[in-house]
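Colleague: Input data30.cif, format and content: mmCIF, C-alpha atoms and all ligand atoms.
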```cif
data_my_file
loop_
_atom_site.label_atom_id
_atom_site.label_comp_id
_atom_site.auth_asym_id
_atom_site.auth_seq_id
_atom_site.Cartn_x
_atom_site.Cartn_y
_atom_site.Cartn_z
CA MET A 10 0.00 0.00 0.00
CA ARG A 11 2.79 2.38 1.00
CA ALA A 12 4.68 1.57 -2.24
CA LEU A 13 1.54 2.27 -4.26
CA LEU A 14 1.10 5.64 -2.53
CA PHE A 15 4.74 6.46 -3.25
CA VAL A 16 4.32 5.66 -6.97
CA LEU A 17 1.12 7.70 -7.07
CA LEU A 18 2.84 10.64 -5.40
CA LEU A 19 5.80 10.39 -7.76
CA SER A 20 3.55 10.40 -10.81
CA ILE A 21 1.63 13.43 -9.53
CA VAL A 22 4.91 15.31 -8.93
CA SER A 23 6.31 14.37 -12.34
CA LEU A 24 2.98 15.28 -13.98
CA SER A 25 3.01 18.78 -12.51
CA PHE A 26 6.56 19.40 -13.76
CA ALA A 27 6.17 17.72 -17.14
CA ALA A 28 7.31 19.92 -20.00
CA PRO A 29 4.38 21.03 -22.16
CA ASP A 30 3.79 19.35 -25.52
CA ASN A 31 2.41 22.57 -26.98
CA VAL A 32 2.90 26.27 -26.30
CA VAL A 33 0.11 28.67 -27.24
CA ILE A 34 0.80 32.40 -26.83
CA VAL A 35 -1.83 35.07 -27.39
CA ILE A 36 -0.47 38.60 -27.74
CA GLY A 37 -2.89 41.48 -27.32
CA ASP A 38 -1.04 44.27 -29.09
CA GLY A 39 -1.54 47.45 -27.07
CA MET A 40 -3.60 45.60 -24.43
CA GLY A 41 -2.98 47.09 -20.98
CA PHE A 42 -4.64 45.88 -17.78
CA ASN A 43 -7.61 48.21 -18.31
CA HIS A 44 -8.10 46.81 -21.82
CA LEU A 45 -8.03 43.31 -20.34
CA PHE A 46 -10.61 44.29 -17.71
CA LEU A 47 -12.79 45.85 -20.41
CA SER A 48 -12.58 42.65 -22.50
CA GLU A 49 -13.77 40.64 -19.49
CA LEU A 50 -16.70 43.00 -18.84
CA LEU A 51 -17.72 42.82 -22.50
CA CYS A 52 -17.81 39.03 -22.68
CA GLY A 53 -19.84 38.72 -19.47
CA GLY A 54 -20.27 35.57 -17.36
CA SER A 55 -16.93 34.04 -16.41
CA PRO A 56 -14.27 35.09 -18.90
CA ALA A 57 -11.65 32.50 -19.85
CA THR A 58 -8.84 34.88 -18.91
CA ARG A 59 -9.83 34.57 -15.21
CA LEU A 60 -8.45 30.99 -15.26
CA PHE A 61 -4.95 32.35 -15.66
CA ARG A 62 -2.26 33.18 -13.11
CA VAL A 63 -1.20 36.84 -13.29
CA SER A 64 2.23 38.45 -13.43
CA LEU A 65 3.25 42.05 -13.97
CA GLY A 66 5.09 42.58 -17.24
CA LEU A 67 7.86 45.10 -17.82
CA ASN A 68 8.66 46.03 -21.39
CA SER A 69 11.13 48.91 -21.65
CA PRO A 70 13.49 48.57 -24.61
CA ALA A 71 17.24 49.30 -24.44
CA ASP A 72 16.95 52.92 -25.53
CA ALA A 73 13.72 54.29 -24.02
CA LEU A 74 11.08 53.94 -21.32
CA ILE A 75 8.24 53.29 -23.78
CA THR A 76 8.49 50.45 -26.26
CA ASP A 77 7.18 49.89 -29.76
CA SER A 78 5.87 46.51 -30.94
CA ALA A 79 9.07 45.50 -32.76
CA ALA A 80 11.37 45.93 -29.74
CA ALA A 81 8.85 44.30 -27.37
CA ALA A 82 8.39 41.32 -29.71
CA THR A 83 12.17 40.96 -30.07
CA ALA A 84 12.45 40.82 -26.26
CA LEU A 85 9.74 38.16 -26.16
CA PHE A 86 10.84 36.04 -29.13
CA SER A 87 14.63 36.41 -28.78
CA GLY A 88 15.20 37.40 -25.14
CA VAL A 89 17.12 40.53 -26.13
CA ARG A 90 16.28 44.06 -25.01
CA THR A 91 16.84 46.02 -28.17
CA VAL A 92 16.14 49.50 -29.53
CA ASN A 93 12.76 50.68 -30.79
CA ASN A 94 12.07 49.89 -34.45
CA ALA A 95 14.35 46.79 -34.40
CA ALA A 96 12.71 43.46 -35.25
CA GLY A 97 14.96 40.44 -34.65
CA LEU A 98 18.02 42.70 -34.30
CA ASP A 99 20.11 43.59 -31.25
CA PRO A 100 20.89 47.26 -30.42
CA SER A 101 23.92 47.19 -32.77
CA GLY A 102 21.76 45.94 -35.66
CA SER A 103 23.04 42.33 -35.60
CA PRO A 104 20.50 39.52 -36.05
CA VAL A 105 19.29 37.64 -32.97
CA GLN A 106 17.73 34.18 -33.09
CA SER A 107 13.97 33.89 -32.66
CA VAL A 108 12.50 31.17 -30.46
CA ALA A 109 10.72 30.05 -33.64
CA THR A 110 14.08 29.20 -35.22
CA VAL A 111 15.41 27.59 -32.02
CA LEU A 112 12.38 25.31 -31.66
CA LYS A 113 12.13 24.54 -35.37
CA GLU A 114 15.70 23.25 -35.26
CA ARG A 115 14.65 20.96 -32.40
CA GLY A 116 11.78 19.41 -34.33
CA TRP A 117 8.91 21.62 -33.18
CA LYS A 118 6.25 22.95 -35.52
CA VAL A 119 6.12 26.76 -35.35
CA ALA A 120 3.15 28.89 -36.33
CA MET A 121 2.07 32.49 -36.15
CA ILE A 122 -1.34 34.02 -36.84
CA THR A 123 -2.03 37.77 -36.82
CA ASN A 124 -4.74 40.09 -38.11
CA ALA A 125 -2.10 42.73 -38.93
CA ARG A 126 0.00 43.01 -42.08
CA TYR A 127 2.83 40.46 -42.29
CA TYR A 128 5.49 43.19 -42.02
CA ASP A 129 4.21 44.76 -38.78
CA GLY A 130 6.61 44.79 -35.83
CA THR A 131 5.28 41.76 -33.94
CA PRO A 132 5.19 39.22 -36.80
CA ALA A 133 8.43 40.61 -38.25
CA ALA A 134 10.28 39.88 -34.98
CA PHE A 135 9.07 36.26 -35.25
CA TYR A 136 10.77 35.53 -38.60
CA ALA A 137 12.78 38.57 -39.83
CA HIS A 138 15.90 40.55 -38.99
CA ALA A 139 15.27 44.10 -40.09
CA PHE A 140 14.29 47.53 -38.93
CA ARG A 141 10.53 47.90 -38.89
CA THR A 142 10.58 50.47 -41.70
CA ASP A 143 12.52 48.17 -44.05
CA ASP A 144 9.52 46.44 -45.64
CA LEU A 145 11.60 45.09 -48.52
CA GLN A 146 14.02 43.24 -46.21
CA ILE A 147 11.12 41.93 -44.10
CA THR A 148 9.49 40.55 -47.27
CA GLU A 149 12.77 38.87 -48.30
CA ASP A 150 13.09 37.34 -44.82
CA LEU A 151 9.51 36.05 -45.04
CA ILE A 152 10.31 34.28 -48.30
CA ALA A 153 13.51 32.82 -46.81
CA CYS A 154 12.08 31.78 -43.40
CA ASP A 155 11.19 28.27 -42.30
CA ILE A 156 7.75 28.28 -40.62
CA ASP A 157 5.08 25.60 -40.61
CA LEU A 158 2.17 28.02 -40.68
CA PHE A 159 2.00 31.78 -41.08
CA VAL A 160 -1.27 33.70 -41.36
CA ALA A 161 -1.41 37.50 -41.73
CA GLY A 162 -2.65 40.38 -43.85
CA GLY A 163 -0.75 42.29 -46.52
CA LEU A 164 -1.78 40.42 -49.65
CA GLU A 165 -1.61 43.51 -51.86
CA LYS A 166 1.99 44.29 -50.88
CA LEU A 167 2.94 40.68 -51.68
CA GLY A 168 1.79 41.16 -55.26
CA LEU A 169 -1.87 40.22 -55.53
CA ASN A 170 -3.51 42.26 -58.25
CA PRO A 171 -6.54 43.85 -56.52
CA PHE A 172 -8.48 43.98 -59.80
CA THR A 173 -7.97 40.45 -61.10
CA GLY A 174 -7.50 38.79 -57.68
CA LYS A 175 -4.53 36.91 -59.19
CA PRO A 176 -0.86 36.93 -58.05
CA LYS A 177 1.40 39.15 -60.14
CA LYS A 178 4.05 37.46 -62.32
CA ASN A 179 7.38 37.01 -60.46
CA GLY A 180 5.90 38.65 -57.36
CA ALA A 181 6.60 37.70 -53.75
CA LEU A 182 3.59 35.33 -53.66
CA GLU A 183 4.98 33.38 -56.60
CA ARG A 184 8.39 33.24 -54.92
CA LEU A 185 6.81 31.95 -51.70
CA ALA A 186 5.09 29.18 -53.66
CA ALA A 187 8.33 28.39 -55.53
CA SER A 188 10.21 28.11 -52.22
CA GLY A 189 7.81 25.34 -51.18
CA TYR A 190 4.97 27.02 -49.31
CA GLY A 191 1.32 26.25 -49.88
CA VAL A 192 0.04 29.83 -50.38
CA TYR A 193 -3.58 30.71 -49.59
CA GLY A 194 -5.68 33.85 -50.19
CA LEU A 195 -8.46 35.78 -48.45
CA GLN A 196 -10.77 32.82 -47.80
CA PHE A 197 -7.98 30.24 -47.40
CA GLU A 198 -8.35 29.34 -51.08
CA LYS A 199 -5.21 28.00 -52.81
CA LEU A 200 -3.46 30.67 -54.92
CA PHE A 201 -1.17 28.15 -56.66
CA GLU A 202 -1.20 24.49 -57.50
CA PRO A 203 1.23 22.62 -55.21
CA ILE A 204 4.84 22.85 -56.38
CA GLY A 205 6.79 19.85 -55.06
CA GLU A 206 7.04 18.93 -51.38
CA LYS A 207 5.14 21.34 -49.11
CA LYS A 208 7.44 23.16 -46.69
CA GLY A 209 4.59 24.84 -44.78
CA SER A 210 1.49 26.95 -45.30
CA MET A 211 1.06 30.69 -45.59
CA ALA A 212 -2.34 32.35 -45.74
CA PHE A 213 -2.87 36.07 -46.37
CA VAL A 214 -6.36 36.89 -45.24
CA SER A 215 -6.63 40.61 -45.98
CA MET A 216 -5.24 43.06 -48.53
CA GLY A 217 -3.65 45.21 -45.80
CA ASP A 218 -4.54 45.02 -42.11
CA ASN A 219 -7.77 43.18 -41.42
CA SER A 220 -10.47 45.83 -40.90
CA PHE A 221 -11.66 46.42 -37.33
CA GLU A 222 -13.96 43.64 -36.13
CA ASN A 223 -17.01 45.95 -36.02
CA VAL A 224 -16.61 47.00 -39.68
CA LEU A 225 -15.22 43.91 -41.42
CA LEU A 226 -15.46 43.84 -45.22
CA PRO A 227 -17.56 41.02 -46.75
CA ASN A 228 -14.40 39.12 -47.76
CA GLU A 229 -12.72 39.45 -44.36
CA MET A 230 -13.02 37.00 -41.46
CA PRO A 231 -13.26 37.80 -37.74
CA LEU A 232 -10.07 36.89 -35.84
CA PRO A 233 -11.58 33.81 -34.10
CA GLU A 234 -12.66 32.49 -37.51
CA ILE A 235 -9.16 33.11 -38.94
CA VAL A 236 -7.72 31.12 -36.03
CA ARG A 237 -10.30 28.33 -36.44
CA LYS A 238 -9.49 27.97 -40.16
CA SER A 239 -5.75 28.11 -39.42
CA LEU A 240 -6.04 25.25 -36.93
CA GLU A 241 -7.34 23.07 -39.78
CA LEU A 242 -3.86 23.42 -41.31
CA ILE A 243 -1.79 22.54 -38.25
CA ALA A 244 -1.98 20.56 -35.01
CA GLY A 245 0.15 19.50 -32.04
CA PRO A 246 1.96 17.89 -30.42
CA ARG A 247 5.17 19.93 -30.27
CA LEU A 248 3.42 22.96 -31.67
CA PHE A 249 4.61 26.47 -30.81
CA LEU A 250 1.75 28.77 -31.78
CA VAL A 251 1.60 32.54 -31.47
CA VAL A 252 -1.69 34.35 -32.13
CA GLU A 253 -1.66 38.13 -32.21
CA ALA A 254 -4.80 40.22 -31.68
CA ALA A 255 -3.02 43.10 -33.36
CA ARG A 256 -5.80 45.55 -34.02
CA ILE A 257 -6.41 46.39 -30.33
CA ASP A 258 -3.36 48.64 -30.77
CA ASP A 259 -4.62 50.38 -33.90
CA ALA A 260 -8.08 50.97 -32.42
CA SER A 261 -6.42 52.45 -29.33
CA HIS A 262 -4.11 54.74 -31.33
CA ILE A 263 -7.15 56.42 -32.82
CA ASN A 264 -9.13 56.25 -29.53
CA ASP A 265 -12.03 54.44 -31.26
CA ASP A 266 -14.34 53.14 -28.50
CA ALA A 267 -16.47 50.89 -30.74
CA ALA A 268 -13.47 49.39 -32.54
CA VAL A 269 -11.51 48.69 -29.36
CA LYS A 270 -14.54 46.99 -27.78
CA ALA A 271 -15.01 44.81 -30.88
CA GLU A 272 -11.31 43.91 -30.97
CA LEU A 273 -11.29 43.02 -27.27
CA LEU A 274 -14.35 40.83 -27.63
CA ALA A 275 -12.66 39.04 -30.55
CA PHE A 276 -9.58 38.60 -28.33
CA GLN A 277 -11.69 36.90 -25.60
CA LYS A 278 -13.40 34.64 -28.17
CA THR A 279 -10.00 33.72 -29.59
CA VAL A 280 -8.70 32.78 -26.12
CA GLY A 281 -11.83 30.64 -25.59
CA LEU A 282 -11.37 28.92 -28.94
CA LEU A 283 -7.71 28.12 -28.22
CA LEU A 284 -8.55 26.76 -24.75
CA ASP A 285 -11.13 24.50 -26.40
CA SER A 286 -8.63 23.32 -29.01
CA PHE A 287 -5.73 22.06 -26.87
CA ASP A 288 -5.30 19.61 -23.98
CA HIS A 289 -4.84 21.81 -20.88
CA SER A 290 -2.68 19.26 -19.04
CA ARG A 291 -0.15 19.18 -21.88
CA THR A 292 -0.26 22.76 -23.16
CA LEU A 293 1.24 25.95 -21.78
CA PHE A 294 -1.01 28.93 -22.51
CA LEU A 295 0.37 32.46 -22.19
CA ILE A 296 -1.50 35.69 -22.74
CA LEU A 297 0.50 38.87 -22.80
CA ALA A 298 0.72 42.34 -24.20
CA ASP A 299 3.69 44.12 -25.70
CA HIS A 300 2.64 47.53 -24.32
CA GLU A 301 -0.40 49.61 -23.45
CA THR A 302 -1.83 51.99 -26.04
CA GLY A 303 -4.03 55.02 -25.50
CA GLY A 304 -4.01 55.24 -21.69
CA LEU A 305 -7.47 53.68 -21.69
CA SER A 306 -9.63 54.08 -18.56
CA ILE A 307 -13.17 52.96 -17.85
CA ILE A 308 -14.83 55.91 -16.14
CA MET A 309 -18.48 54.80 -16.01
CA GLY A 310 -20.77 51.77 -16.44
CA ASP A 311 -21.75 48.63 -14.60
CA GLU A 312 -20.58 45.02 -14.42
CA ARG A 313 -23.01 43.96 -17.15
CA ALA A 314 -21.14 46.34 -19.49
CA ILE A 315 -24.13 48.65 -19.75
CA ASN A 316 -23.39 52.33 -20.42
CA LEU A 317 -19.67 51.77 -20.30
CA GLU A 318 -17.80 54.99 -20.83
CA ILE A 319 -14.17 54.99 -21.90
CA ALA A 320 -11.66 57.80 -21.56
CA TRP A 321 -8.31 58.02 -23.31
CA CYS A 322 -5.26 60.02 -22.33
CA SER A 323 -2.99 59.37 -25.30
CA GLY A 324 -2.91 58.50 -28.99
CA ASP A 325 0.26 56.49 -28.55
CA HIS A 326 1.89 53.78 -26.46
CA THR A 327 2.20 54.48 -22.75
CA ALA A 328 4.52 53.27 -19.98
CA SER A 329 2.74 50.83 -17.68
CA TYR A 330 2.85 47.25 -16.49
CA VAL A 331 1.42 44.87 -19.04
CA PRO A 332 -0.43 41.62 -18.29
CA ILE A 333 1.50 38.35 -18.42
CA LEU A 334 -1.05 35.60 -17.82
CA SER A 335 -0.20 31.90 -17.74
CA TYR A 336 -2.24 28.71 -17.55
CA GLY A 337 -1.70 24.99 -18.06
CA ALA A 338 1.48 22.90 -18.17
CA GLY A 339 4.48 24.82 -16.81
CA SER A 340 2.43 27.92 -15.94
CA GLU A 341 3.71 27.88 -12.32
CA SER A 342 7.09 29.10 -13.61
CA PHE A 343 5.69 32.53 -14.47
CA SER A 344 5.28 34.74 -11.42
CA GLY A 345 6.13 38.16 -10.03
CA PHE A 346 7.63 40.97 -12.07
CA LEU A 347 8.88 39.77 -15.43
CA HIS A 348 10.40 41.65 -18.33
CA LEU A 349 9.23 40.31 -21.69
CA SER A 350 12.79 39.05 -22.22
CA ASP A 351 12.42 36.95 -19.02
CA VAL A 352 9.40 35.22 -20.58
CA HIS A 353 11.69 34.02 -23.39
CA ARG A 354 14.26 32.68 -20.88
CA ILE A 355 11.64 30.89 -18.75
CA LEU A 356 10.02 29.38 -21.84
CA LEU A 357 13.28 27.85 -23.02
CA GLU A 358 13.99 26.54 -19.49
CA ILE A 359 10.58 24.87 -19.35
CA LEU A 360 11.11 23.32 -22.78
CA GLY A 361 14.55 22.05 -21.77
CA VAL A 362 16.39 24.15 -24.37
CA LYS A 363 19.86 25.20 -23.18
ZN ZN B 1 1.11 50.88 -31.72
#
```
Can I see the file as structure tokens?
Modeller:
Amino acid sequence: MRALLFVLLLSIVSLSFAAPDNVVIVIGDGMGFNHLFLSELLCGGSPATRLFRVSLGLNSPADALITDSAAAATALFSGVRTVNNAAGLDPSGSPVQSVATVLKERGWKVAMITNARYYDGTPAAFYAHAFRTDDLQITEDLIACDIDLFVAGGLEKLGLNPFTGKPKKNGALERLAASGYGVYGLQFEKLFEPIGEKKGSMAFVSMGDNSFENVLLPNEMPLPEIVRKSLELIAGPRLFLVVEAARIDDASHINDDAAVKAELLAFQKTVGLLLDSFDHSRTLFLILADHETGGLSIIMGDERAINLEIAWCSGDHTASYVPILSYGAGSESFSGFLHLSDVHRILLEILGVK
């Protein structure tokens, strides 16, 4: 009996410290704590985010107090505090390795989904090494990168003729297909017949940024639907998936109450969908923000989200703690005050990567 108890105890201990089989990270771009609270009020009932353990995130880059998305994403993906405007580069402009590359080399599948353009700061730091303003280099790095699934906007810049709906001759889309990617358009339709062995999948689901969730165009999908369709193209185990709710930031830059509410509701639905799609005992879920945008405050309303009134104090990023929420396998390792670069270090420790 005692031996049985010992074995049981041992298995419980080893279960709680087992490395996760999947990592799912949701980034709310520009989502401060007040945005998070607003998203919970809007979805009512018991929001999925309340399952998570909470840490306070620090995000200052190497050269300023207030960060942009590129420097924050470089801290998160590469563990390096760099200068604003740098995506996948250290402060001297030298390339730094993304966790996507590190895990891919160790046999993981890596995937990123965003409703922003593919060359925005956050996705660029995942696969590119360029300053944020260097769209040409970011496009070249996209074509050269090795990712299992990438979903973003920016189809027009990649060479889709907006009038014919067809890829331009010798454009970036054609080069992506030639390099071995299955390339998909607005509704996840194939843009090319398969060319040889498929290296991975790339879907470009809007011409530029996806429109705000409250004013989507007829050919655009809500973020949760984009994620649902994307998950038909990839699955665990050993999946490292990053989903960015990018448009919270844009809605906050222009202080658009209706748009930010719609984006935050889409963020909550996306978190719910991801929690429903992966085994909680074997998956590490992280939710975090790169920075706060707009200085959003809720100054009136009730808990049923009736007559909510929002006030803004800025049209730009602000300096504040950002949420770092964790849940599932390995989540106990995230606690206290953490810089975004610490999240990278802890992640690699949990996954046993030296
Ligand atoms: Zn911004």
Colleague: What does the distance from CA of Asp351 (chain A) to CA of Gly66 (chain A) come to in Å, to one decimal?
Modeller: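 Rounded to one decimal, the two atoms are 9.4 Å apart.
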Colleague: What do you get as a PyMOL selection string if you pick all residues at most 8 Å from ligand ZN 1 (chain B), counting all atoms listed in the file?
Modeller: chain A and resi 38-39+77-78+258-259+262+302+325-326
Colleague: Find, counting all atoms listed in the file, the residue in A:Asp144, A:Glu234, A:Asp72, A:Glu253 that gets nearest to Ala298 (chain A).
Modeller: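 Once distances to Ala298 (chain A) are computed over all atoms listed in the file, the minimum belongs to A:Glu253.
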Colleague: Which is closest to Phe42 (chain A) among A:Ala82, A:Leu158, A:Leu297, A:Ile308, if we use only C-alpha atoms?
Modeller: A:Leu297
Colleague: Can I get the residues of region 40-152 of chain A within 12 Å of region 236-242 of chain A, each with the closest pair of atoms and their distance in Å to one decimal, using all atoms listed in the file, sorted chain first then ascending number, as a tab-separated table?
Modeller:
```
residue	atom	partner	partner_atom	distance
A:Lys118	CA	A:Leu242	CA	11.7
A:Ala120	CA	A:Ser239	CA	9.5
A:Met121	CA	A:Ser239	CA	9.5
A:Ile122	CA	A:Val236	CA	7.1
A:Thr123	CA	A:Val236	CA	8.8
A:Asn124	CA	A:Val236	CA	9.7
```
Colleague: From the list A:Ala134, A:Glu272, A:Ile307, A:Leu50, which residue is nearest Ala84 (chain A) when using all atoms listed in the file?
Modeller: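 Ranking A:Ala134, A:Glu272, A:Ile307, A:Leu50 by distance to Ala84 (chain A), first place goes to A:Ala134.
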Colleague: List the spatial neighbours of region 210-225 of chain A as a ChimeraX atom specification - criterion: any atom at most 8 Å away, all atoms listed in the file, same-chain residues fewer than 6 positions off excluded.
Modeller: /A:124-126,156-166,190-197,231-232,235,242,256,260,267-268,271-272,275
Colleague: Excluding Leu347 (chain A) and its own-chain neighbours fewer than 5 positions away, which residues fall within 12 Å of it when counting only C-alpha atoms? Please give them as a ChimeraX atom specification.
Modeller: /A:63-69,84-85,88,297,330-334,342,352-355
Colleague: When you count only C-alpha atoms, which of these residues is closest to His348 (chain A): A:Ala320, A:Leu169, A:Ala71, A:Pro104?
Modeller: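 Using only C-alpha atoms, the shortest distance to His348 (chain A) belongs to A:Ala71.
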Colleague: The residues within 10 Å of (-21.5, 45.1, -17.2), using all atoms listed in the file and the coordinates of the file, should be reported as a tab-separated table (two decimals) with C-alpha atoms, keeping the file's coordinate frame; which are they?
Modeller:
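Result file follows (selection.tsv):
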```tsv
chain	number	residue	atom	x	y	z
A	47	LEU	CA	-12.79	45.85	-20.41
A	49	GLU	CA	-13.77	40.64	-19.49
A	50	LEU	CA	-16.70	43.00	-18.84
A	51	LEU	CA	-17.72	42.82	-22.50
A	52	CYS	CA	-17.81	39.03	-22.68
A	53	GLY	CA	-19.84	38.72	-19.47
A	54	GLY	CA	-20.27	35.57	-17.36
A	310	GLY	CA	-20.77	51.77	-16.44
A	311	ASP	CA	-21.75	48.63	-14.60
A	312	GLU	CA	-20.58	45.02	-14.42
A	313	ARG	CA	-23.01	43.96	-17.15
A	314	ALA	CA	-21.14	46.34	-19.49
A	315	ILE	CA	-24.13	48.65	-19.75
A	316	ASN	CA	-23.39	52.33	-20.42
A	317	LEU	CA	-19.67	51.77	-20.30
```
Colleague: So how far away is CA of Ser107 (chain A) from CA of Ser340 (chain A), in Å?
Modeller: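 Here the two named atoms are 21.2 Å from each other.
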Colleague: Record the distance separating CA of Val111 (chain A) and CA of Ser87 (chain A), expressed in Å with one decimal.
Modeller: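 Going from CA of Val111 (chain A) over to CA of Ser87 (chain A), I get 9.4 Å.
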Colleague: Find the residues around Leu112 (chain A) up to 10 Å (all atoms listed in the file counted), leave out those fewer than 5 positions away in its own chain, and share them as a PyMOL selection string.
Modeller: chain A and resi 107+117-119+247-249+357+360+362
Colleague: Could you check the closest approach to Ser290 (chain A) for each of A:Tyr127, A:Tyr336, A:Phe346, A:Phe135 and tell me which residue wins, using only C-alpha atoms?
Modeller: A:Tyr336
Colleague: Between A:Leu167, A:Leu98, A:Ala186, A:Ala133, single out the one closest to Glu202 (chain A), counting all atoms listed in the file.
Modeller: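 Closest to Glu202 (chain A) of all the choices is A:Ala186.
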Colleague: Pick out the residues sitting within 10 Å of Pro176 (chain A), and hand them over as a list in words; count all atoms listed in the file, and ignore anything fewer than 2 positions along from it in its own chain.
Modeller: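 Once the adjacent positions are removed, what remains is Leu164, Glu165, Leu167, Gly168, Leu169, Asn170, Pro171, Thr173, Gly174, Lys178, Asn179, Gly180, Ala181, Leu182, Glu183, Gly194, Leu200 and Phe201 of chain A.
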Colleague: Which residues, written as an mmCIF file with C-alpha atoms, keeping the file's coordinate frame, have at least one atom at most 9 Å from Asp155 (chain A), with all atoms listed in the file counted and residues fewer than 3 positions away on the same chain left out?
Modeller:
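Result written to around04.cif:
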```cif
data_model
loop_
_atom_site.group_PDB
_atom_site.id
_atom_site.type_symbol
_atom_site.label_atom_id
_atom_site.label_comp_id
_atom_site.auth_asym_id
_atom_site.auth_seq_id
_atom_site.Cartn_x
_atom_site.Cartn_y
_atom_site.Cartn_z
ATOM 1 C CA ALA A 109 10.720 30.050 -33.640
ATOM 2 C CA THR A 110 14.080 29.200 -35.220
ATOM 3 C CA LYS A 113 12.130 24.540 -35.370
ATOM 4 C CA VAL A 119 6.120 26.760 -35.350
ATOM 5 C CA TYR A 136 10.770 35.530 -38.600
ATOM 6 C CA LEU A 151 9.510 36.050 -45.040
ATOM 7 C CA ILE A 152 10.310 34.280 -48.300
ATOM 8 C CA LYS A 208 7.440 23.160 -46.690
ATOM 9 C CA GLY A 209 4.590 24.840 -44.780
#
```
